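Step one of this worksheet: look at the structure below.
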Amino acid sequence: MIKDVHKLLIKPGEHTQEASYLKFHSLSDIEKYRTVIQNYITEAIEIEKKSETRIERIERLKSKILQGKGIHDCTCGLSKKVPSCDGSHKTLK
């Protein structure tokens with residue numbers, strides 16, 4: 001996971017663990033955080049380059065992938081953002 005020291009990354013849902021995105025309202029916001037954005041992208045690329053991260057993720061999700069499901073697709077049926085998982089399954093615990 002990227003270290004978000006500037007608190008710019010937004011999680012799509014309250015239960016989302018891995019996915020996050022950047023949202024800006026103006027070009028000046030992007031220009032203001034240009035270096036931070038570049039650093040976040042570089043860090044994300046480095047994380048994804050780690051083969052053990054990819055291999056671990058593929059092994060963990062192999063059955064889901066072989067069923068034609070995406071890595072972030074909902075499998076419990078509770079997501080309010082189908083086909084994506086929003087973490088709603090955590091309310092089952």
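Numbering starts fresh at 1 for the residues of each chain in the structure tokens, the chains themselves are lettered A, B, ... in the order given, and ligands are numbered from 1 as they appear.
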DSSP-assigned helix (DSSP H, G or I) members of chain A, reported as a PyMOL selection string: chain A and resi 27-32+34-49+51-60+62-66+88-92
Surrounding residues of Asp4 in chain A excluding itself and chain neighbours under 3 positions, 12 Å, only C-alpha atoms, as a ChimeraX atom specification: /A:1,7-11,20-22,36-37,39-41,43-44
Gap from CA of Ile47 in chain A to CA of Lys23 in chain A - Å, one decimal: 21.2 Å
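Distance annotation: of A:Leu78, A:Leu92, A:Ile71, A:Cys85, the residue with the minimal separation from Pro12 in chain A is A:Cys85; atom set is only C-alpha atoms.
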10 Å contact set for Lys90 in chain A, only C-alpha atoms, chain neighbours under 4 positions out, as a list in words: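 Neighbouring residues, sequence-local ones excluded: His15, Cys76, Leu78 and Asp86 of chain A.
Shortest separation to Pro83 in chain A among A:Ser26, A:Lys50, A:Gly70, A:Gly13 occurs at residue A:Gly70, atoms counted being only C-alpha atoms.
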Which of chain A DSSP labels strand (DSSP E), written as a short mmCIF file (atom, residue, chain, number, x, y, z; two decimals) with C-alpha atoms, in the first residue's frame:
```
data_model
loop_
_atom_site.label_atom_id
_atom_site.label_comp_id
_atom_site.auth_asym_id
_atom_site.auth_seq_id
_atom_site.Cartn_x
_atom_site.Cartn_y
_atom_site.Cartn_z
CA LEU A 9 -5.84 9.13 -1.69
CA ILE A 10 -9.57 8.41 -1.53
CA TYR A 21 -7.74 7.04 -6.20
CA LEU A 22 -6.84 10.71 -6.50
#
```
Option closest in space to Ser88 in chain A, from A:Ile2, A:Glu14, A:Leu27, A:Arg57 [counting only C-alpha atoms]: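 Result for the nearest residue to Ser88 in chain A: A:Glu14.
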d(CA of Glu48 in chain A, CA of Gly87 in chain A) in Å: 22.2 Å
